[in-house]
file start_34.pdb (PDB, C-alpha atoms and all ligand atoms)
MODEL        1
ATOM      1  CA  MET K  66       0.000   0.000   0.000  1.00  0.00           C
ATOM      2  CA  ALA K  67       1.383   3.382  -0.985  1.00  0.00           C
ATOM      3  CA  ASP K  68       2.272   5.563   1.976  1.00  0.00           C
ATOM      4  CA  ASN K  69       2.751   8.932   0.320  1.00  0.00           C
ATOM      5  CA  TYR K  70       0.116  11.244  -1.119  1.00  0.00           C
ATOM      6  CA  LEU K  71       1.112  11.098  -4.779  1.00  0.00           C
ATOM      7  CA  GLU K  72       1.340   7.335  -4.870  1.00  0.00           C
ATOM      8  CA  LYS K  73      -1.990   6.967  -3.007  1.00  0.00           C
ATOM      9  CA  ARG K  74      -3.698   9.296  -5.507  1.00  0.00           C
ATOM     10  CA  TYR K  75      -2.164   7.345  -8.396  1.00  0.00           C
ATOM     11  CA  GLU K  76      -3.533   4.088  -6.992  1.00  0.00           C
ATOM     12  CA  GLU K  77      -6.984   5.580  -6.308  1.00  0.00           C
ATOM     13  CA  THR K  78      -7.279   7.152  -9.769  1.00  0.00           C
ATOM     14  CA  LEU K  79      -5.772   4.442 -11.953  1.00  0.00           C
ATOM     15  CA  GLY K  80      -6.357   1.399  -9.722  1.00  0.00           C
ATOM     16  CA  GLN K  81      -2.766   0.301 -10.097  1.00  0.00           C
ATOM     17  CA  GLN K  82       0.585   0.859  -8.440  1.00  0.00           C
ATOM     18  CA  ARG K  83       2.651   3.806  -9.611  1.00  0.00           C
ATOM     19  CA  PRO K  84       5.596   2.467 -11.651  1.00  0.00           C
ATOM     20  CA  LYS K  85       8.916   2.851  -9.895  1.00  0.00           C
ATOM     21  CA  VAL K  86      11.483   5.080 -11.590  1.00  0.00           C
ATOM     22  CA  LYS K  87      15.082   3.897 -11.436  1.00  0.00           C
ATOM     23  CA  ARG K  88      17.477   6.739 -10.738  1.00  0.00           C
ATOM     24  CA  VAL K  89      20.711   6.864 -12.709  1.00  0.00           C
ATOM     25  CA  GLY K  90      23.779   8.853 -11.594  1.00  0.00           C
ATOM     26  CA  ASN K  91      23.590  12.046  -9.557  1.00  0.00           C
ATOM     27  CA  THR K  92      20.159  13.274  -8.588  1.00  0.00           C
ATOM     28  CA  VAL K  93      19.411  16.980  -8.951  1.00  0.00           C
ATOM     29  CA  ASP K  94      19.404  17.218  -5.144  1.00  0.00           C
ATOM     30  CA  THR K  95      22.912  15.718  -4.960  1.00  0.00           C
ATOM     31  CA  LEU K  96      24.249  18.049  -7.639  1.00  0.00           C
ATOM     32  CA  LEU K  97      22.644  21.042  -5.928  1.00  0.00           C
ATOM     33  CA  ARG K  98      24.082  20.076  -2.541  1.00  0.00           C
ATOM     34  CA  LYS K  99      27.575  19.604  -3.979  1.00  0.00           C
ATOM     35  CA  ASN K 100      27.329  22.825  -5.962  1.00  0.00           C
ATOM     36  CA  ARG K 101      28.746  25.227  -3.403  1.00  0.00           C
ATOM     37  CA  SER K 102      30.431  28.534  -4.161  1.00  0.00           C
ATOM     38  CA  THR K 103      34.100  27.610  -3.982  1.00  0.00           C
ATOM     39  CA  ARG K 104      36.835  30.145  -3.301  1.00  0.00           C
ATOM     40  CA  GLY K 105      39.810  27.801  -2.867  1.00  0.00           C
ATOM     41  CA  TYR K 106      41.088  25.399  -5.522  1.00  0.00           C
ATOM     42  CA  ASN K 107      43.704  22.711  -6.031  1.00  0.00           C
ATOM     43  CA  ILE K 108      46.050  24.593  -8.348  1.00  0.00           C
ATOM     44  CA  LYS K 109      47.741  21.368  -9.428  1.00  0.00           C
ATOM     45  CA  TYR K 110      44.581  20.490 -11.323  1.00  0.00           C
ATOM     46  CA  ILE K 111      44.771  22.274 -14.662  1.00  0.00           C
ATOM     47  CA  VAL K 112      41.332  22.838 -16.172  1.00  0.00           C
ATOM     48  CA  SER K 113      41.504  22.330 -19.931  1.00  0.00           C
ATOM     49  CA  GLU K 114      39.900  24.399 -22.679  1.00  0.00           C
ATOM     50  CA  GLN K 115      37.925  21.263 -23.617  1.00  0.00           C
ATOM     51  CA  GLU K 116      36.484  21.001 -20.086  1.00  0.00           C
ATOM     52  CA  LEU K 117      35.412  24.646 -20.191  1.00  0.00           C
ATOM     53  CA  ARG K 118      33.789  24.080 -23.590  1.00  0.00           C
ATOM     54  CA  ARG K 119      31.867  21.070 -22.255  1.00  0.00           C
ATOM     55  CA  ILE K 120      30.590  23.273 -19.433  1.00  0.00           C
ATOM     56  CA  ILE K 121      29.617  26.100 -21.815  1.00  0.00           C
ATOM     57  CA  GLU K 122      27.840  23.602 -24.089  1.00  0.00           C
ATOM     58  CA  VAL K 123      24.971  23.216 -21.597  1.00  0.00           C
ATOM     59  CA  CYS K 124      23.902  26.737 -22.588  1.00  0.00           C
ATOM     60  CA  SER K 125      22.617  25.436 -25.902  1.00  0.00           C
ATOM     61  CA  LYS K 126      20.061  23.320 -23.994  1.00  0.00           C
ATOM     62  CA  VAL K 127      18.668  25.796 -21.455  1.00  0.00           C
ATOM     63  CA  PRO K 128      15.553  28.018 -21.474  1.00  0.00           C
ATOM     64  CA  SER K 129      15.891  31.579 -22.725  1.00  0.00           C
ATOM     65  CA  ALA K 130      13.362  34.462 -22.587  1.00  0.00           C
ATOM     66  CA  CYS K 131      11.745  34.720 -26.074  1.00  0.00           C
ATOM     67  CA  ASN K 132      14.474  32.205 -26.961  1.00  0.00           C
ATOM     68  CA  GLN K 133      16.689  35.258 -27.506  1.00  0.00           C
ATOM     69  CA  GLN K 134      19.982  33.398 -26.724  1.00  0.00           C
ATOM     70  CA  VAL K 135      22.110  36.511 -26.550  1.00  0.00           C
ATOM     71  CA  LEU K 136      24.725  35.158 -24.142  1.00  0.00           C
ATOM     72  CA  ARG K 137      28.272  34.496 -25.349  1.00  0.00           C
ATOM     73  CA  PHE K 138      31.127  32.969 -23.384  1.00  0.00           C
ATOM     74  CA  LEU K 139      34.892  33.234 -23.358  1.00  0.00           C
ATOM     75  CA  PRO K 140      36.711  30.214 -21.889  1.00  0.00           C
ATOM     76  CA  VAL K 141      39.928  31.313 -20.164  1.00  0.00           C
ATOM     77  CA  THR K 142      42.430  28.666 -19.078  1.00  0.00           C
ATOM     78  CA  LYS K 143      45.735  29.003 -17.235  1.00  0.00           C
ATOM     79  CA  GLU K 144      47.383  29.030 -20.661  1.00  0.00           C
ATOM     80  CA  SER K 145      45.080  31.611 -22.217  1.00  0.00           C
ATOM     81  CA  GLY K 146      45.230  34.200 -19.442  1.00  0.00           C
ATOM     82  CA  ALA K 147      43.594  33.215 -16.111  1.00  0.00           C
ATOM     83  CA  ASP K 148      46.289  35.277 -14.387  1.00  0.00           C
ATOM     84  CA  ARG K 149      44.888  38.365 -16.163  1.00  0.00           C
ATOM     85  CA  VAL K 150      41.369  37.675 -14.809  1.00  0.00           C
ATOM     86  CA  LEU K 151      42.347  37.007 -11.197  1.00  0.00           C
ATOM     87  CA  PRO K 152      43.395  40.568 -10.180  1.00  0.00           C
ATOM     88  CA  LEU K 153      40.142  41.936 -11.633  1.00  0.00           C
ATOM     89  CA  VAL K 154      37.741  39.789  -9.558  1.00  0.00           C
ATOM     90  CA  LYS K 155      36.733  39.964  -5.887  1.00  0.00           C
ATOM     91  CA  MET K 156      35.999  36.872  -3.866  1.00  0.00           C
ATOM     92  CA  GLY K 157      34.478  36.432  -0.417  1.00  0.00           C
ATOM     93  CA  ALA K 158      33.556  40.062   0.263  1.00  0.00           C
ATOM     94  CA  ALA K 159      31.626  38.925   3.359  1.00  0.00           C
ATOM     95  CA  LEU K 160      34.913  37.719   4.916  1.00  0.00           C
ATOM     96  CA  PRO K 161      37.204  40.685   4.134  1.00  0.00           C
ATOM     97  CA  GLU K 162      39.710  39.777   6.867  1.00  0.00           C
ATOM     98  CA  LEU K 163      40.567  36.521   5.029  1.00  0.00           C
ATOM     99  CA  HIS K 164      41.533  38.167   1.718  1.00  0.00           C
ATOM    100  CA  LEU K 165      40.232  35.218  -0.295  1.00  0.00           C
ATOM    101  CA  PRO K 166      41.418  33.298  -2.189  1.00  0.00           C
ATOM    102  CA  PHE K 167      44.267  32.083   0.002  1.00  0.00           C
ATOM    103  CA  GLU K 168      47.644  32.104  -1.709  1.00  0.00           C
ATOM    104  CA  GLY K 169      48.197  28.862  -3.609  1.00  0.00           C
ATOM    105  CA  THR K 170      44.456  28.138  -3.963  1.00  0.00           C
ATOM    106  CA  GLU K 171      43.543  30.669  -6.654  1.00  0.00           C
ATOM    107  CA  PRO K 172      41.167  29.647  -9.464  1.00  0.00           C
ATOM    108  CA  GLN K 173      43.108  28.785 -12.628  1.00  0.00           C
ATOM    109  CA  ALA K 174      40.247  28.909 -15.115  1.00  0.00           C
ATOM    110  CA  PHE K 175      37.313  31.183 -15.828  1.00  0.00           C
ATOM    111  CA  ILE K 176      34.347  31.559 -18.133  1.00  0.00           C
ATOM    112  CA  ILE K 177      33.596  35.181 -18.960  1.00  0.00           C
ATOM    113  CA  CYS K 178      29.874  35.621 -19.697  1.00  0.00           C
ATOM    114  CA  CYS K 179      28.868  38.400 -22.090  1.00  0.00           C
ATOM    115  CA  SER K 180      25.691  39.497 -23.844  1.00  0.00           C
ATOM    116  CA  THR K 181      25.267  40.643 -27.428  1.00  0.00           C
ATOM    117  CA  ALA K 182      22.169  42.595 -26.289  1.00  0.00           C
ATOM    118  CA  LYS K 183      21.907  45.389 -23.717  1.00  0.00           C
ATOM    119  CA  GLU K 184      21.576  44.054 -20.179  1.00  0.00           C
ATOM    120  CA  SER K 185      17.917  43.867 -19.095  1.00  0.00           C
ATOM    121  CA  PRO K 186      15.886  41.903 -16.520  1.00  0.00           C
ATOM    122  CA  LEU K 187      15.263  39.168 -19.106  1.00  0.00           C
ATOM    123  CA  VAL K 188      18.930  38.974 -20.124  1.00  0.00           C
ATOM    124  CA  ASP K 189      19.777  38.707 -16.426  1.00  0.00           C
ATOM    125  CA  VAL K 190      17.290  35.855 -15.942  1.00  0.00           C
ATOM    126  CA  ASP K 191      18.898  34.056 -18.903  1.00  0.00           C
ATOM    127  CA  LEU K 192      22.282  34.729 -17.323  1.00  0.00           C
ATOM    128  CA  GLY K 193      21.220  33.180 -14.002  1.00  0.00           C
ATOM    129  CA  ILE K 194      19.891  30.089 -15.738  1.00  0.00           C
ATOM    130  CA  ALA K 195      23.099  29.753 -17.784  1.00  0.00           C
ATOM    131  CA  LEU K 196      25.386  30.245 -14.770  1.00  0.00           C
ATOM    132  CA  GLN K 197      23.617  27.722 -12.558  1.00  0.00           C
ATOM    133  CA  SER K 198      23.386  25.195 -15.407  1.00  0.00           C
ATOM    134  CA  MET K 199      27.122  25.532 -16.081  1.00  0.00           C
ATOM    135  CA  LEU K 200      27.896  25.100 -12.375  1.00  0.00           C
ATOM    136  CA  LEU K 201      25.799  21.938 -12.212  1.00  0.00           C
ATOM    137  CA  LYS K 202      27.626  20.567 -15.251  1.00  0.00           C
ATOM    138  CA  ALA K 203      30.962  21.388 -13.597  1.00  0.00           C
ATOM    139  CA  VAL K 204      29.884  19.501 -10.468  1.00  0.00           C
ATOM    140  CA  GLU K 205      28.784  16.534 -12.574  1.00  0.00           C
ATOM    141  CA  MET K 206      32.313  16.551 -14.069  1.00  0.00           C
ATOM    142  CA  GLY K 207      33.879  16.527 -10.584  1.00  0.00           C
ATOM    143  CA  LEU K 208      34.753  20.221 -10.682  1.00  0.00           C
ATOM    144  CA  ASN K 209      33.490  23.224  -8.727  1.00  0.00           C
ATOM    145  CA  GLY K 210      32.937  26.886  -9.390  1.00  0.00           C
ATOM    146  CA  LEU K 211      31.998  30.348  -8.239  1.00  0.00           C
ATOM    147  CA  ILE K 212      29.766  32.985  -9.776  1.00  0.00           C
ATOM    148  CA  ILE K 213      31.564  36.323  -9.583  1.00  0.00           C
ATOM    149  CA  GLY K 214      29.607  39.543  -9.991  1.00  0.00           C
ATOM    150  CA  ALA K 215      32.214  41.727  -8.274  1.00  0.00           C
ATOM    151  CA  PHE K 216      34.759  42.410 -11.005  1.00  0.00           C
ATOM    152  CA  ASN K 217      36.105  45.311 -12.994  1.00  0.00           C
ATOM    153  CA  ARG K 218      33.982  45.254 -16.137  1.00  0.00           C
ATOM    154  CA  GLU K 219      35.934  47.870 -18.101  1.00  0.00           C
ATOM    155  CA  LYS K 220      39.357  46.415 -17.365  1.00  0.00           C
ATOM    156  CA  LEU K 221      38.236  42.847 -18.076  1.00  0.00           C
ATOM    157  CA  ARG K 222      36.692  43.878 -21.388  1.00  0.00           C
ATOM    158  CA  GLU K 223      39.893  45.687 -22.286  1.00  0.00           C
ATOM    159  CA  ALA K 224      42.210  42.871 -21.142  1.00  0.00           C
ATOM    160  CA  PHE K 225      40.553  40.339 -23.461  1.00  0.00           C
ATOM    161  CA  ASN K 226      39.461  42.731 -26.178  1.00  0.00           C
ATOM    162  CA  LEU K 227      35.891  41.474 -25.720  1.00  0.00           C
ATOM    163  CA  PRO K 228      33.402  42.437 -28.453  1.00  0.00           C
ATOM    164  CA  TYR K 229      30.550  42.519 -25.877  1.00  0.00           C
ATOM    165  CA  PRO K 230      30.361  43.785 -22.298  1.00  0.00           C
ATOM    166  CA  PRO K 231      31.077  41.089 -19.704  1.00  0.00           C
ATOM    167  CA  LEU K 232      28.141  40.605 -17.305  1.00  0.00           C
ATOM    168  CA  MET K 233      29.446  37.902 -14.996  1.00  0.00           C
ATOM    169  CA  VAL K 234      32.498  35.728 -14.466  1.00  0.00           C
ATOM    170  CA  LEU K 235      32.498  32.054 -13.527  1.00  0.00           C
ATOM    171  CA  ALA K 236      35.571  30.609 -11.797  1.00  0.00           C
ATOM    172  CA  ILE K 237      36.068  26.888 -12.435  1.00  0.00           C
ATOM    173  CA  GLY K 238      38.456  24.417 -10.838  1.00  0.00           C
ATOM    174  CA  LYS K 239      38.922  21.446  -8.581  1.00  0.00           C
ATOM    175  CA  GLY K 240      37.637  22.633  -5.212  1.00  0.00           C
ATOM    176  CA  ALA K 241      39.876  22.359  -2.158  1.00  0.00           C
ATOM    177  CA  GLU K 242      37.470  23.552   0.527  1.00  0.00           C
ATOM    178  CA  ARG K 243      35.093  21.953   3.036  1.00  0.00           C
ATOM    179  CA  ILE K 244      31.751  23.651   2.659  1.00  0.00           C
ATOM    180  CA  GLU K 245      28.551  22.820   4.512  1.00  0.00           C
ATOM    181  CA  LEU K 246      25.016  24.087   4.377  1.00  0.00           C
ATOM    182  CA  THR K 247      23.411  25.045   7.660  1.00  0.00           C
ATOM    183  CA  PRO K 248      19.639  25.549   8.022  1.00  0.00           C
ATOM    184  CA  ILE K 249      18.397  28.876   9.381  1.00  0.00           C
ATOM    185  CA  GLY K 250      15.122  30.679  10.003  1.00  0.00           C
ATOM    186  CA  ALA K 251      14.283  33.430   7.501  1.00  0.00           C
ATOM    187  CA  ASP K 252      14.979  36.136  10.102  1.00  0.00           C
ATOM    188  CA  GLU K 253      18.421  34.816  11.133  1.00  0.00           C
ATOM    189  CA  SER K 254      21.731  36.044   9.688  1.00  0.00           C
ATOM    190  CA  HIS K 255      22.315  34.936   6.085  1.00  0.00           C
ATOM    191  CA  ALA K 256      26.054  35.709   6.210  1.00  0.00           C
ATOM    192  CA  TYR K 257      28.393  32.831   5.400  1.00  0.00           C
ATOM    193  CA  TYR K 258      31.164  32.186   7.917  1.00  0.00           C
ATOM    194  CA  ARG K 259      34.151  29.929   8.617  1.00  0.00           C
ATOM    195  CA  ARG K 260      34.828  27.866  11.704  1.00  0.00           C
ATOM    196  CA  ASP K 261      37.626  25.321  12.211  1.00  0.00           C
ATOM    197  CA  GLY K 262      38.463  25.348   8.514  1.00  0.00           C
ATOM    198  CA  ILE K 263      34.880  24.697   7.397  1.00  0.00           C
ATOM    199  CA  HIS K 264      32.958  27.232   5.323  1.00  0.00           C
ATOM    200  CA  TYR K 265      29.311  27.332   6.465  1.00  0.00           C
ATOM    201  CA  VAL K 266      26.536  28.592   4.210  1.00  0.00           C
ATOM    202  CA  PRO K 267      23.246  29.369   5.977  1.00  0.00           C
ATOM    203  CA  LYS K 268      20.141  28.475   3.970  1.00  0.00           C
ATOM    204  CA  VAL K 269      16.548  29.326   4.886  1.00  0.00           C
ATOM    205  CA  ARG K 270      14.591  26.177   5.835  1.00  0.00           C
ATOM    206  CA  PRO K 271      12.320  24.878   3.050  1.00  0.00           C
ATOM    207  CA  ASP K 272       9.095  25.263   5.080  1.00  0.00           C
ATOM    208  CA  GLU K 273       9.848  28.974   5.513  1.00  0.00           C
ATOM    209  CA  LEU K 274      10.089  29.408   1.745  1.00  0.00           C
ATOM    210  CA  ILE K 275       6.407  28.594   1.313  1.00  0.00           C
ATOM    211  CA  ILE K 276       3.991  31.526   1.337  1.00  0.00           C
ATOM    212  CA  SER K 277       0.901  30.855   3.402  1.00  0.00           C
ATOM    213  CA  THR K 278      -2.123  33.025   2.666  1.00  0.00           C
ATOM    214  CA  HIS K 279      -5.353  33.119   4.601  1.00  0.00           C
ATOM    215  CA  ALA K 280      -7.726  33.901   1.754  1.00  0.00           C
TER
HETATM  216  C1  LIG N 301      24.695  36.687  -8.969  1.00  0.00           C
HETATM  217  C2  LIG N 301      25.760  36.243  -7.985  1.00  0.00           C
HETATM  218  C3  LIG N 301      26.915  36.993  -7.860  1.00  0.00           C
HETATM  219  C4  LIG N 301      27.915  36.559  -6.965  1.00  0.00           C
HETATM  220  N1  LIG N 301      29.077  37.274  -6.897  1.00  0.00           N
HETATM  221  C5  LIG N 301      30.058  36.846  -6.063  1.00  0.00           C
HETATM  222  C6  LIG N 301      31.302  37.534  -6.028  1.00  0.00           C
HETATM  223  O1  LIG N 301      31.510  38.529  -6.721  1.00  0.00           O
HETATM  224  N2  LIG N 301      32.277  37.041  -5.211  1.00  0.00           N
HETATM  225  C7  LIG N 301      32.077  35.930  -4.414  1.00  0.00           C
HETATM  226  O2  LIG N 301      32.988  35.539  -3.693  1.00  0.00           O
HETATM  227  N3  LIG N 301      30.892  35.261  -4.436  1.00  0.00           N
HETATM  228  C8  LIG N 301      29.894  35.671  -5.245  1.00  0.00           C
HETATM  229  N4  LIG N 301      28.724  34.970  -5.331  1.00  0.00           N
HETATM  230  C9  LIG N 301      28.554  33.758  -4.536  1.00  0.00           C
HETATM  231  C10 LIG N 301      27.607  33.966  -3.322  1.00  0.00           C
HETATM  232  O3  LIG N 301      28.312  34.646  -2.313  1.00  0.00           O
HETATM  233  C11 LIG N 301      27.137  32.576  -2.845  1.00  0.00           C
HETATM  234  O4  LIG N 301      26.235  32.056  -3.795  1.00  0.00           O
HETATM  235  C12 LIG N 301      26.469  32.622  -1.475  1.00  0.00           C
HETATM  236  O5  LIG N 301      27.403  32.970  -0.491  1.00  0.00           O
HETATM  237  C13 LIG N 301      25.822  31.298  -1.104  1.00  0.00           C
HETATM  238  O6  LIG N 301      26.759  30.231  -1.174  1.00  0.00           O
HETATM  239  P1  LIG N 301      26.444  28.969  -2.064  1.00  0.00           P
HETATM  240  O7  LIG N 301      26.542  29.400  -3.500  1.00  0.00           O
HETATM  241  O8  LIG N 301      27.468  27.947  -1.698  1.00  0.00           O
HETATM  242  O9  LIG N 301      25.051  28.519  -1.744  1.00  0.00           O
HETATM  243  C14 LIG N 301      27.728  35.369  -6.198  1.00  0.00           C
HETATM  244  C15 LIG N 301      26.557  34.624  -6.363  1.00  0.00           C
HETATM  245  C16 LIG N 301      25.594  35.037  -7.247  1.00  0.00           C
HETATM  246  C17 LIG N 301      24.351  34.191  -7.431  1.00  0.00           C
ENDMDL
END

call {"tool": "encode", "arguments": {"input": "start_34.pdb", "output": "structure tokens"}}
result
Amino acid sequence: MADNYLEKRYEETLGQQRPKVKRVGNTVDTLLRKNRSTRGYNIKYIVSEQELRRIIEVCSKVPSACNQQVLRFLPVTKESGADRVLPLVKMGAALPELHLPFEGTEPQAFIICCSTAKESPLVDVDLGIALQSMLLKAVEMGLNGLIIGAFNREKLREAFNLPYPPLMVLAIGKGAERIELTPIGADESHAYYRRDGIHYVPKVRPDELIISTHA
């Protein structure tokens, strides 16, 4: 006898048991849990241009407002100039005393995300979808990443002679940090913190994400 609501409803409506679905590989929940913003990397792991291209490729499968698909991406490896990106990005602004990344753990590869159209709310939604999809792909590949919005747009555009303005930067690499999620109430501090070498990321409990109305 089914013991959850969906399966009970299935049995009541169709008079048969709901077929079981066999899961293959990482579930979305696993990928999401592993996909933590990473600000320290194993610099011995050299991310290749091919790996960055595989990550970028997911963007030809994702939703896009009006299917506009205006985003363009520049893969930057250690060889093609990661050391020119690094001084132009800011990481871990909520922990200024740490001056992240620590020396010897700097990201060695980046994806610079640009738009052929003027930035707008819809372009930004597309950008969010693209960034998160690329991060999930990176995690699936055993890599990690960080979305970086705090960077010098003019200098980055200049440094790589970009034909379009850069909107966001994605750092990619083999993570070398212990990061854990910690549940919080919506009114508690959202600031991430470090204790005993572990980076804690507070997340609002799922039940507090649901709006309850009394209509
Ligand atoms: C749009 C956006 C911009 C961000 N910009 C930066 C940034 O410039 N530097 C940084 O260290 N982290 C940046 N982050 C990462 C957030 O700080 C991070 O998502 C947050 O602390 C929660 O951690 P989590 O991603 O592990 O859940 C950015 C995240 C997003 C979604």

call {"tool": "residues_around", "arguments": {"input": "start_34.pdb", "residues": "stretch 247-263 of chain K", "least_positions_apart": "5", "cutoff": "9 Å", "atoms": "all atoms listed in the file", "output": "PDB file with C-alpha atoms, in the frame of the given file"}}
result
ATOM      1  CA  ALA K 159      31.626  38.925   3.359  1.00  0.00           C
ATOM      2  CA  LEU K 160      34.913  37.719   4.916  1.00  0.00           C
ATOM      3  CA  GLU K 242      37.470  23.552   0.527  1.00  0.00           C
ATOM      4  CA  LYS K 268      20.141  28.475   3.970  1.00  0.00           C
ATOM      5  CA  VAL K 269      16.548  29.326   4.886  1.00  0.00           C
ATOM      6  CA  ARG K 270      14.591  26.177   5.835  1.00  0.00           C
ATOM      7  CA  PRO K 271      12.320  24.878   3.050  1.00  0.00           C
ATOM      8  CA  GLU K 273       9.848  28.974   5.513  1.00  0.00           C
ATOM      9  CA  LEU K 274      10.089  29.408   1.745  1.00  0.00           C
TER      10      LEU K 274
END

call {"tool": "residues_around", "arguments": {"input": "start_34.pdb", "residues": "K:Glu219", "least_positions_apart": "3", "cutoff": "10 Å", "atoms": "only C-alpha atoms", "output": "count of residues only"}}
result
8

call {"tool": "atom_distance", "arguments": {"input": "start_34.pdb", "atom1": "atom CA of K:Tyr106", "atom2": "atom CA of K:Gly240"}}
result
4.4 Å

call {"tool": "atom_distance", "arguments": {"input": "start_34.pdb", "atom1": "atom C10 of ligand LIG 301 (chain N)", "atom2": "atom CA of K:Lys202"}}
result
17.9 Å

call {"tool": "resolve_selection", "arguments": {"input": "start_34.pdb", "expression": "the PyMOL selection byres (((not hetatm)) within 9 of (chain N and resi 301))", "output": "VMD selection string"}}
result
chain K and resid 97 to 104 154 to 159 165 to 166 192 to 193 196 to 197 211 to 216 233 to 234 244 to 246 255 to 257 264 to 268

call {"tool": "write_last_selection", "arguments": {"input": "start_34.pdb", "atoms": "C-alpha atoms", "output": "PDB file, in the coordinates of the input"}}
result
ATOM      1  CA  LEU K  97      22.644  21.042  -5.928  1.00  0.00           C
ATOM      2  CA  ARG K  98      24.082  20.076  -2.541  1.00  0.00           C
ATOM      3  CA  LYS K  99      27.575  19.604  -3.979  1.00  0.00           C
ATOM      4  CA  ASN K 100      27.329  22.825  -5.962  1.00  0.00           C
ATOM      5  CA  ARG K 101      28.746  25.227  -3.403  1.00  0.00           C
ATOM      6  CA  SER K 102      30.431  28.534  -4.161  1.00  0.00           C
ATOM      7  CA  THR K 103      34.100  27.610  -3.982  1.00  0.00           C
ATOM      8  CA  ARG K 104      36.835  30.145  -3.301  1.00  0.00           C
ATOM      9  CA  VAL K 154      37.741  39.789  -9.558  1.00  0.00           C
ATOM     10  CA  LYS K 155      36.733  39.964  -5.887  1.00  0.00           C
ATOM     11  CA  MET K 156      35.999  36.872  -3.866  1.00  0.00           C
ATOM     12  CA  GLY K 157      34.478  36.432  -0.417  1.00  0.00           C
ATOM     13  CA  ALA K 158      33.556  40.062   0.263  1.00  0.00           C
ATOM     14  CA  ALA K 159      31.626  38.925   3.359  1.00  0.00           C
ATOM     15  CA  LEU K 165      40.232  35.218  -0.295  1.00  0.00           C
ATOM     16  CA  PRO K 166      41.418  33.298  -2.189  1.00  0.00           C
ATOM     17  CA  LEU K 192      22.282  34.729 -17.323  1.00  0.00           C
ATOM     18  CA  GLY K 193      21.220  33.180 -14.002  1.00  0.00           C
ATOM     19  CA  LEU K 196      25.386  30.245 -14.770  1.00  0.00           C
ATOM     20  CA  GLN K 197      23.617  27.722 -12.558  1.00  0.00           C
ATOM     21  CA  LEU K 211      31.998  30.348  -8.239  1.00  0.00           C
ATOM     22  CA  ILE K 212      29.766  32.985  -9.776  1.00  0.00           C
ATOM     23  CA  ILE K 213      31.564  36.323  -9.583  1.00  0.00           C
ATOM     24  CA  GLY K 214      29.607  39.543  -9.991  1.00  0.00           C
ATOM     25  CA  ALA K 215      32.214  41.727  -8.274  1.00  0.00           C
ATOM     26  CA  PHE K 216      34.759  42.410 -11.005  1.00  0.00           C
ATOM     27  CA  MET K 233      29.446  37.902 -14.996  1.00  0.00           C
ATOM     28  CA  VAL K 234      32.498  35.728 -14.466  1.00  0.00           C
ATOM     29  CA  ILE K 244      31.751  23.651   2.659  1.00  0.00           C
ATOM     30  CA  GLU K 245      28.551  22.820   4.512  1.00  0.00           C
ATOM     31  CA  LEU K 246      25.016  24.087   4.377  1.00  0.00           C
ATOM     32  CA  HIS K 255      22.315  34.936   6.085  1.00  0.00           C
ATOM     33  CA  ALA K 256      26.054  35.709   6.210  1.00  0.00           C
ATOM     34  CA  TYR K 257      28.393  32.831   5.400  1.00  0.00           C
ATOM     35  CA  HIS K 264      32.958  27.232   5.323  1.00  0.00           C
ATOM     36  CA  TYR K 265      29.311  27.332   6.465  1.00  0.00           C
ATOM     37  CA  VAL K 266      26.536  28.592   4.210  1.00  0.00           C
ATOM     38  CA  PRO K 267      23.246  29.369   5.977  1.00  0.00           C
ATOM     39  CA  LYS K 268      20.141  28.475   3.970  1.00  0.00           C
TER      40      LYS K 268
END

call {"tool": "atom_distance", "arguments": {"input": "start_34.pdb", "atom1": "atom CA of K:Glu114", "atom2": "atom CA of K:Thr142"}}
result
6.1 Å

call {"tool": "closest_residue", "arguments": {"input": "start_34.pdb", "among": "K:Asn132, K:Ser145, K:Thr278, K:Asn107", "to": "K:Asn209", "atoms": "only C-alpha atoms"}}
result
K:Asn107

call {"tool": "closest_residue", "arguments": {"input": "start_34.pdb", "among": "K:Ala241, K:Gln173, K:Ala147, K:Val123", "to": "K:Leu200", "atoms": "all atoms listed in the file"}}
result
K:Val123

call {"tool": "residues_around", "arguments": {"input": "start_34.pdb", "residues": "K:Ile176", "least_positions_apart": "3", "cutoff": "6 Å", "atoms": "only C-alpha atoms", "output": "compact mmCIF listing (two decimals) with C-alpha atoms, in the coordinates of the input"}}
result
# COMPACT_ATOMS: atom_id res chain seq x y z
CA LEU K 139 34.89 33.23 -23.36
CA PRO K 140 36.71 30.21 -21.89
CA VAL K 141 39.93 31.31 -20.16
CA VAL K 234 32.50 35.73 -14.47
CA LEU K 235 32.50 32.05 -13.53

call {"tool": "resolve_selection", "arguments": {"input": "start_34.pdb", "expression": "the PyMOL selection byres (((chain K and resi 91) around 12) and not hetatm)", "output": "PyMOL selection string"}}
result
chain K and resi 87-90+92-100+201-202+204-207

call {"tool": "closest_residue", "arguments": {"input": "start_34.pdb", "among": "K:Ile276, K:Ala236, K:Val150, K:Leu117", "to": "K:Asn217", "atoms": "only C-alpha atoms"}}
result
K:Val150

call {"tool": "closest_residue", "arguments": {"input": "start_34.pdb", "among": "K:Phe167, K:Leu136, K:Ser180, K:Arg218", "to": "K:Ile121", "atoms": "all atoms listed in the file"}}
result
K:Leu136

call {"tool": "residues_around", "arguments": {"input": "start_34.pdb", "residues": "K:Val127", "least_positions_apart": "3", "cutoff": "9 Å", "atoms": "all atoms listed in the file", "output": "ChimeraX atom specification"}}
result
/K:123-124,191,194-195,198

call {"tool": "closest_residue", "arguments": {"input": "start_34.pdb", "among": "K:Ser113, K:Leu151, K:Gly210, K:Met199", "to": "K:Lys126", "atoms": "all atoms listed in the file"}}
result
K:Met199

call {"tool": "closest_residue", "arguments": {"input": "start_34.pdb", "among": "K:Glu162, K:Lys239, K:Leu187, K:Phe175", "to": "K:Arg149", "atoms": "only C-alpha atoms"}}
result
K:Phe175

call {"tool": "resolve_selection", "arguments": {"input": "start_34.pdb", "expression": "the PyMOL selection byres (((chain K and resi 137) around 9) and not hetatm)", "output": "ChimeraX atom specification"}}
result
/K:134-136,138-139,177-181,229
